[in-house]
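> My file is work-v5.tsv. It has TSV, C-alpha atoms:
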chain	number	residue	atom	x	y	z
P	842	THR	CA	125.03	91.02	93.29
P	843	THR	CA	121.31	90.35	93.76
P	844	LEU	CA	119.14	90.18	90.65
P	845	VAL	CA	115.51	91.32	90.83
P	846	TYR	CA	113.08	89.83	88.28
P	847	ASP	CA	109.48	90.54	87.32
P	848	THR	CA	106.77	87.85	87.25
P	849	ASN	CA	107.70	86.96	83.65
P	850	GLY	CA	111.30	86.29	84.54
P	851	ASN	CA	112.66	89.49	83.02
P	852	GLU	CA	115.52	91.11	84.89
P	853	LEU	CA	114.46	94.41	86.46
P	854	CYS	CA	117.61	95.49	88.22
P	855	LYS	CA	120.76	94.53	90.11
P	856	ILE	CA	121.66	95.44	93.67
P	857	LYS	CA	125.27	95.13	94.75
P	858	SER	CA	125.46	93.78	98.28
P	859	SER	CA	129.08	94.66	99.03
P	860	LYS	CA	129.35	97.10	101.93
P	861	ASP	CA	131.88	99.91	102.06
P	862	MET	CA	133.14	101.80	105.08
P	863	TYR	CA	130.17	104.21	105.00
P	864	TYR	CA	127.41	101.61	104.78
P	865	VAL	CA	125.12	101.40	107.84
P	866	ASP	CA	122.92	98.44	108.73
P	867	PHE	CA	119.30	99.10	109.64
P	868	SER	CA	119.99	98.06	113.25
P	869	ASP	CA	122.39	101.00	113.58
P	870	ILE	CA	119.94	103.57	112.23
P	871	PRO	CA	118.22	105.54	115.04
P	872	LEU	CA	114.45	105.04	115.26
P	873	THR	CA	114.01	108.81	115.36
P	874	LEU	CA	115.76	109.13	111.99
P	875	ASP	CA	113.62	106.32	110.56
P	876	ASN	CA	110.43	108.00	111.80
P	877	ALA	CA	111.48	111.44	110.57
P	878	PHE	CA	112.22	110.22	107.05
P	879	VAL	CA	109.03	108.20	106.79
P	880	VAL	CA	106.92	111.12	108.00
P	881	MET	CA	108.54	113.57	105.59
P	882	GLU	CA	109.02	111.40	102.51
P	883	ASP	CA	106.41	108.65	102.60
P	884	ARG	CA	104.16	108.42	105.65
P	885	ASP	CA	102.42	105.25	104.36
P	886	PHE	CA	105.76	103.53	103.69
P	887	TYR	CA	105.11	100.59	105.99
P	888	ASN	CA	101.61	100.00	104.58
P	889	HIS	CA	101.94	100.15	100.77
P	890	ASP	CA	103.49	97.83	98.18
P	891	GLY	CA	105.96	100.40	96.92
P	892	ILE	CA	103.39	102.65	95.24
P	893	ASP	CA	101.13	105.23	96.90
P	894	TYR	CA	98.12	105.07	94.60
P	895	LYS	CA	96.24	107.92	96.30
P	896	ALA	CA	99.27	110.18	95.89
P	897	ILE	CA	99.55	109.18	92.23
P	898	VAL	CA	95.92	110.17	91.63
P	899	ARG	CA	96.47	113.53	93.35
P	900	ALA	CA	99.65	114.12	91.35
P	901	ALA	CA	97.97	113.08	88.09
P	902	ILE	CA	95.26	115.73	88.59
P	903	VAL	CA	97.87	118.43	89.25
P	904	ASN	CA	100.02	117.26	86.34
P	905	GLN	CA	97.09	117.22	83.93
P	906	LYS	CA	96.23	120.80	84.83
P	907	SER	CA	99.81	121.95	84.34
P	908	ASN	CA	100.41	119.68	81.31
P	909	GLU	CA	103.71	118.54	82.83
P	910	ILE	CA	105.02	116.44	85.71
P	911	ALA	CA	104.66	119.04	88.44
P	912	GLN	CA	104.25	116.45	91.20
P	913	GLY	CA	105.90	113.04	91.28
P	914	ALA	CA	104.20	111.23	94.20
P	915	SER	CA	107.28	109.05	94.63
P	916	THR	CA	107.42	106.70	97.61
P	917	ILE	CA	110.69	105.93	99.37
P	918	THR	CA	110.90	102.73	97.32
P	919	GLN	CA	110.43	104.66	94.07
P	920	GLN	CA	113.04	107.19	95.12
P	921	LEU	CA	115.44	104.32	95.83
P	922	ALA	CA	114.71	102.84	92.40
P	923	ARG	CA	115.40	106.20	90.76
P	924	ASN	CA	118.55	106.95	92.76
P	925	ILE	CA	120.20	103.60	92.05
P	926	PHE	CA	118.91	102.43	88.69
P	927	LEU	CA	117.52	105.39	86.75
P	928	THR	CA	118.33	108.98	85.86
P	929	GLN	CA	116.78	112.08	87.41
P	930	GLU	CA	115.19	112.95	84.06
P	931	VAL	CA	111.54	113.93	84.51
P	932	THR	CA	109.61	111.93	81.90
P	933	TRP	CA	106.57	109.66	81.92
P	934	GLN	CA	108.67	106.76	80.63
P	935	ARG	CA	111.12	107.05	83.52
P	936	LYS	CA	108.21	107.32	85.95
P	937	ILE	CA	106.72	104.05	84.67
P	938	GLU	CA	110.11	102.31	84.88
P	939	GLU	CA	110.44	103.62	88.43
P	940	ILE	CA	107.08	102.08	89.39
P	941	PHE	CA	107.94	98.64	88.00
P	942	ILE	CA	111.36	98.59	89.68
P	943	ALA	CA	109.72	99.66	92.97
P	944	TRP	CA	107.30	96.73	92.73
P	945	GLY	CA	110.24	94.40	92.16
P	946	LEU	CA	112.13	95.76	95.15
P	947	GLU	CA	109.10	95.39	97.43
P	948	LYS	CA	108.70	91.73	96.42
P	949	LYS	CA	112.35	90.96	97.06
P	950	TYR	CA	113.17	92.98	100.19
P	951	SER	CA	111.65	93.85	103.55
P	952	LYS	CA	110.66	97.41	104.41
P	953	GLU	CA	113.63	97.63	106.77
P	954	GLN	CA	116.02	96.56	104.01
P	955	ILE	CA	114.55	99.08	101.59
P	956	LEU	CA	114.88	101.92	104.10
P	957	GLU	CA	118.44	100.76	104.83
P	958	PHE	CA	119.31	100.86	101.11
P	959	TYR	CA	117.64	104.27	100.81
P	960	LEU	CA	119.55	105.87	103.68
P	961	ASN	CA	122.78	104.51	102.26
P	962	ASN	CA	122.07	106.01	98.82
P	963	ILE	CA	120.70	109.49	99.38
P	964	TYR	CA	122.42	112.86	99.07
P	965	PHE	CA	122.72	114.85	102.30
P	966	GLY	CA	124.65	117.75	100.83
P	967	ASN	CA	128.27	118.79	101.32
P	968	GLY	CA	129.45	115.74	99.35
P	969	TYR	CA	127.80	113.25	101.75
P	970	TYR	CA	125.93	110.42	100.02
P	971	THR	CA	125.11	108.16	102.98
P	972	VAL	CA	123.65	108.68	106.43
P	973	LYS	CA	126.98	107.69	108.00
P	974	GLU	CA	128.95	110.22	105.95
P	975	ALA	CA	126.41	112.89	106.90
P	976	SER	CA	126.34	112.10	110.63
P	977	GLN	CA	130.13	112.02	110.77
P	978	GLY	CA	130.53	115.11	108.59
P	979	TYR	CA	127.92	117.31	110.26
P	980	PHE	CA	128.05	116.09	113.86
P	981	ASP	CA	131.28	114.06	114.14
P	982	LYS	CA	129.22	111.08	115.34
P	983	GLU	CA	128.18	107.63	114.20
P	984	PRO	CA	124.48	107.50	113.21
P	985	LYS	CA	123.44	105.67	116.38
P	986	GLU	CA	125.23	108.28	118.52
P	987	MET	CA	123.22	111.24	117.21
P	988	THR	CA	120.79	113.02	119.50
P	989	ASP	CA	117.15	113.06	118.44
P	990	GLY	CA	117.54	116.69	117.35
P	991	GLU	CA	120.55	115.87	115.16
P	992	ALA	CA	118.78	112.89	113.60
P	993	ILE	CA	115.72	115.01	112.80
P	994	MET	CA	117.87	117.80	111.38
P	995	LEU	CA	119.58	115.24	109.15
P	996	ALA	CA	116.21	114.02	107.86
P	997	GLY	CA	115.35	117.55	106.77
P	998	ILE	CA	118.46	118.13	104.68
P	999	PRO	CA	117.83	116.01	101.50
P	1000	ASN	CA	114.81	118.12	100.51
P	1001	ALA	CA	117.21	120.98	99.66
P	1002	PRO	CA	120.79	120.01	100.62
P	1003	SER	CA	122.42	123.30	99.68
P	1004	VAL	CA	119.82	125.31	101.61
P	1005	TYR	CA	119.62	123.22	104.80
P	1006	ASN	CA	123.33	122.45	105.13
P	1007	PRO	CA	124.00	123.13	108.84
P	1008	LYS	CA	127.63	123.92	108.11
P	1009	VAL	CA	126.58	126.75	105.82
P	1010	ASN	CA	123.32	127.97	107.35
P	1011	LEU	CA	122.59	126.56	110.80
P	1012	LYS	CA	119.61	128.89	111.27
P	1013	LEU	CA	117.80	127.50	108.20
P	1014	ALA	CA	118.78	123.95	109.16
P	1015	LYS	CA	117.13	124.45	112.56
P	1016	GLN	CA	114.03	125.96	110.97
P	1017	ARG	CA	113.78	122.92	108.73
P	1018	ARG	CA	114.32	120.63	111.74
P	1019	ASN	CA	111.41	122.33	113.48
P	1020	GLN	CA	109.20	121.77	110.42
P	1021	VAL	CA	110.04	118.07	110.58
P	1022	ILE	CA	109.29	118.03	114.31
P	1023	LYS	CA	105.84	119.57	113.73
P	1024	LYS	CA	105.02	116.88	111.21
P	1025	MET	CA	106.26	114.15	113.54
P	1026	ILE	CA	103.94	115.51	116.24
P	1027	LYS	CA	101.06	115.58	113.77
P	1028	TYR	CA	101.56	111.91	112.89
P	1029	LYS	CA	102.20	110.90	116.51
P	1030	LYS	CA	105.88	110.07	116.19
P	1031	LEU	CA	106.71	112.63	118.88
P	1032	THR	CA	104.83	114.13	121.80
P	1033	GLN	CA	104.84	117.87	122.34
P	1034	GLU	CA	106.89	117.35	125.49
P	1035	GLU	CA	109.51	115.35	123.58
P	1036	ALA	CA	109.54	117.99	120.85
P	1037	ASN	CA	110.12	120.78	123.37
P	1038	LYS	CA	113.14	118.96	124.80
P	1039	ILE	CA	114.59	118.41	121.30
P	1040	ILE	CA	114.16	122.07	120.33
P	1041	ALA	CA	115.78	123.08	123.62
P	1042	GLU	CA	118.90	121.04	122.68
P	1043	ASN	CA	120.06	123.69	120.22
Once more with this new file: its structure as structure tokens, please.


Amino acid sequence: TTLVYDTNGNELCKIKSSKDMYYVDFSDIPLTLDNAFVVMEDRDFYNHDGIDYKAIVRAAIVNQKSNEIAQGASTITQQLARNIFLTQEVTWQRKIEEIFIAWGLEKKYSKEQILEFYLNNIYFGNGYYTVKEASQGYFDKEPKEMTDGEAIMLAGIPNAPSVYNPKVNLKLAKQRRNQVIKKMIKYKKLTQEEANKIIAEN
């Protein structure tokens, strides 16, 4: 178990390092899946310190108008902090705890390690809680064996797992995949030519 402390020596959280049969190392995660998740969930992931301050300001304005937490502005690191160490309760106190834990994680781990932890602790629907479970369950493949289209489809599922489950509604899963592809083109993670080939996979 790895302990993460703040600058005052107070324990922030614990991360268990034991790996089970569904754990996947970062080196076995396809680059396309990495790019798709970053584009959809946190496009400044590799540039910030765990907190997207611009997104927080935007969310704060929306939240003030609605008098509730309508937008969360959570980075991938914050989502990891929430998924492992906190509850899904939507409160300001939990949000602040999430921020401090995210800072601690960013000081302790590399971006690659954080993304690895994240993809091994996220719900992909259908009872799959890791990227390996999802790739095996949906496509009968190891993560590194997925096609680009399958990897992108997988990245679109966590937003609404019951809606974009390809086993239940393949048409909606493909529509979501195409939304992810458009965003990847926008942020130059795919060319239009590459995108056309992926869509043609079907």

> Please provide as a list in words all residues within 10 Å of Thr988 (chain P), with the sequence filter that same-chain residues fewer than 2 positions apart are discarded (counting all atoms listed in the file).

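Here the qualifying residues turn out to be Pro871, Thr873, Leu874, Phe980, Lys982, Pro984, Lys985, Glu986, Gly990, Glu991, Ala992, Ile993, Met994, Ile1039 and Glu1042 of chain P.
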
> Pull the neighbourhood of (128.5, 116.1, 108.6) for me: all residues within 10 Å in file coordinates, counting only C-alpha atoms, as a PDB file with C-alpha atoms, keeping the file's coordinate frame.


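Okay, this is what ended up in result_26.pdb:
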ATOM      1  CA  PHE P 965     122.720 114.850 102.300  1.00  0.00           C
ATOM      2  CA  GLY P 966     124.650 117.750 100.830  1.00  0.00           C
ATOM      3  CA  ASN P 967     128.270 118.790 101.320  1.00  0.00           C
ATOM      4  CA  GLY P 968     129.450 115.740  99.350  1.00  0.00           C
ATOM      5  CA  TYR P 969     127.800 113.250 101.750  1.00  0.00           C
ATOM      6  CA  VAL P 972     123.650 108.680 106.430  1.00  0.00           C
ATOM      7  CA  LYS P 973     126.980 107.690 108.000  1.00  0.00           C
ATOM      8  CA  GLU P 974     128.950 110.220 105.950  1.00  0.00           C
ATOM      9  CA  ALA P 975     126.410 112.890 106.900  1.00  0.00           C
ATOM     10  CA  SER P 976     126.340 112.100 110.630  1.00  0.00           C
ATOM     11  CA  GLN P 977     130.130 112.020 110.770  1.00  0.00           C
ATOM     12  CA  GLY P 978     130.530 115.110 108.590  1.00  0.00           C
ATOM     13  CA  TYR P 979     127.920 117.310 110.260  1.00  0.00           C
ATOM     14  CA  PHE P 980     128.050 116.090 113.860  1.00  0.00           C
ATOM     15  CA  ASP P 981     131.280 114.060 114.140  1.00  0.00           C
ATOM     16  CA  LYS P 982     129.220 111.080 115.340  1.00  0.00           C
ATOM     17  CA  LEU P 995     119.580 115.240 109.150  1.00  0.00           C
ATOM     18  CA  ASN P1006     123.330 122.450 105.130  1.00  0.00           C
ATOM     19  CA  PRO P1007     124.000 123.130 108.840  1.00  0.00           C
ATOM     20  CA  LYS P1008     127.630 123.920 108.110  1.00  0.00           C
TER      21      LYS P1008
END

> Can you pull out every residue within 12 Å of Leu1013 (chain P), counting only C-alpha atoms, but drop anything in the same chain fewer than 3 positions away, and send it as a ChimeraX atom specification?

/P:994,997-998,1001-1010,1016-1020

> Would you mind exporting C-alpha atoms of the selected residues as a short mmCIF file (atom, residue, chain, number, x, y, z; two decimals), in the coordinates of the input?


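The resulting out28.cif:
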data_model
loop_
_atom_site.label_atom_id
_atom_site.label_comp_id
_atom_site.auth_asym_id
_atom_site.auth_seq_id
_atom_site.Cartn_x
_atom_site.Cartn_y
_atom_site.Cartn_z
CA MET P 994 117.87 117.80 111.38
CA GLY P 997 115.35 117.55 106.77
CA ILE P 998 118.46 118.13 104.68
CA ALA P 1001 117.21 120.98 99.66
CA PRO P 1002 120.79 120.01 100.62
CA SER P 1003 122.42 123.30 99.68
CA VAL P 1004 119.82 125.31 101.61
CA TYR P 1005 119.62 123.22 104.80
CA ASN P 1006 123.33 122.45 105.13
CA PRO P 1007 124.00 123.13 108.84
CA LYS P 1008 127.63 123.92 108.11
CA VAL P 1009 126.58 126.75 105.82
CA ASN P 1010 123.32 127.97 107.35
CA GLN P 1016 114.03 125.96 110.97
CA ARG P 1017 113.78 122.92 108.73
CA ARG P 1018 114.32 120.63 111.74
CA ASN P 1019 111.41 122.33 113.48
CA GLN P 1020 109.20 121.77 110.42
#

> Point out the residue among P:Arg935, P:Lys1024, P:Arg923, P:Arg899 with the least atom-to-atom distance to Arg884 (chain P), counting only C-alpha atoms.

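Ranked by minimum distance to Arg884 (chain P), first place goes to P:Lys1024.
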
> Rounded to one decimal, what separation in Å do you get between CA of Glu983 (chain P) and CA of Pro999 (chain P)?

18.4 Å

> Could you work out how far CA of Ala877 (chain P) lies from CA of Gln1033 (chain P), giving the answer in Å with one decimal?

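If I compute the distance from CA of Gln1033 (chain P) to CA of Ala877 (chain P), I get 15.0 Å.
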
> Rounded to one decimal place, report the CA of Tyr964 (chain P)-CA of Lys952 (chain P) distance in Å.

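Between CA of Tyr964 (chain P) and CA of Lys952 (chain P) the gap works out to 20.1 Å.
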
> Looking at all atoms listed in the file, which of P:Ala1036, P:Met862, P:Ile917, P:Ile925 is the one that sits closest to His889 (chain P)?

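Counting all atoms listed in the file, the residue closest to His889 (chain P) is P:Ile917.
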
> May I have the residues within 12 Å of Tyr864 (chain P) as a VMD selection string, using all atoms listed in the file and disregarding those fewer than 3 positions away in the same chain?

chain P and resid 858 to 861 867 to 870 957 to 963 970 to 975 983 to 984

> Neighbours of Ala943 (chain P) within 8 Å (all atoms listed in the file; same-chain residues fewer than 5 positions away dropped), as a PyMOL selection string?

chain P and resi 891-892+918-919+921-922

> I need the chosen residues saved as an mmCIF file, keeping the file's coordinate frame, with C-alpha atoms.


data_model
loop_
_atom_site.group_PDB
_atom_site.id
_atom_site.type_symbol
_atom_site.label_atom_id
_atom_site.label_comp_id
_atom_site.auth_asym_id
_atom_site.auth_seq_id
_atom_site.Cartn_x
_atom_site.Cartn_y
_atom_site.Cartn_z
ATOM 1 C CA GLY P 891 105.960 100.400 96.920
ATOM 2 C CA ILE P 892 103.390 102.650 95.240
ATOM 3 C CA THR P 918 110.900 102.730 97.320
ATOM 4 C CA GLN P 919 110.430 104.660 94.070
ATOM 5 C CA LEU P 921 115.440 104.320 95.830
ATOM 6 C CA ALA P 922 114.710 102.840 92.400
#

> Please determine, counting only C-alpha atoms, which residue among P:Ser951, P:Asn876, P:Tyr863, P:Gln920 has the shortest atom-to-atom distance to Glu938 (chain P).

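Closest candidate: P:Gln920.
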
> Put a box with edges along x, y and z around all the listed atoms of region 944-963 of chain P, pad it by 4 Å on each side, then give me its centre and sizes in Å, one decimal, as AutoDock Vina command-line options.


--center_x 115.0 --center_y 100.2 --center_z 99.5 --size_x 23.5 --size_y 26.5 --size_z 22.6

> Closest to Ala1014 (chain P) among P:Gly945, P:Ile897, P:Gly850, P:Asn1000, using all atoms listed in the file?

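Checking each candidate against Ala1014 (chain P), we get P:Asn1000 as the closest.
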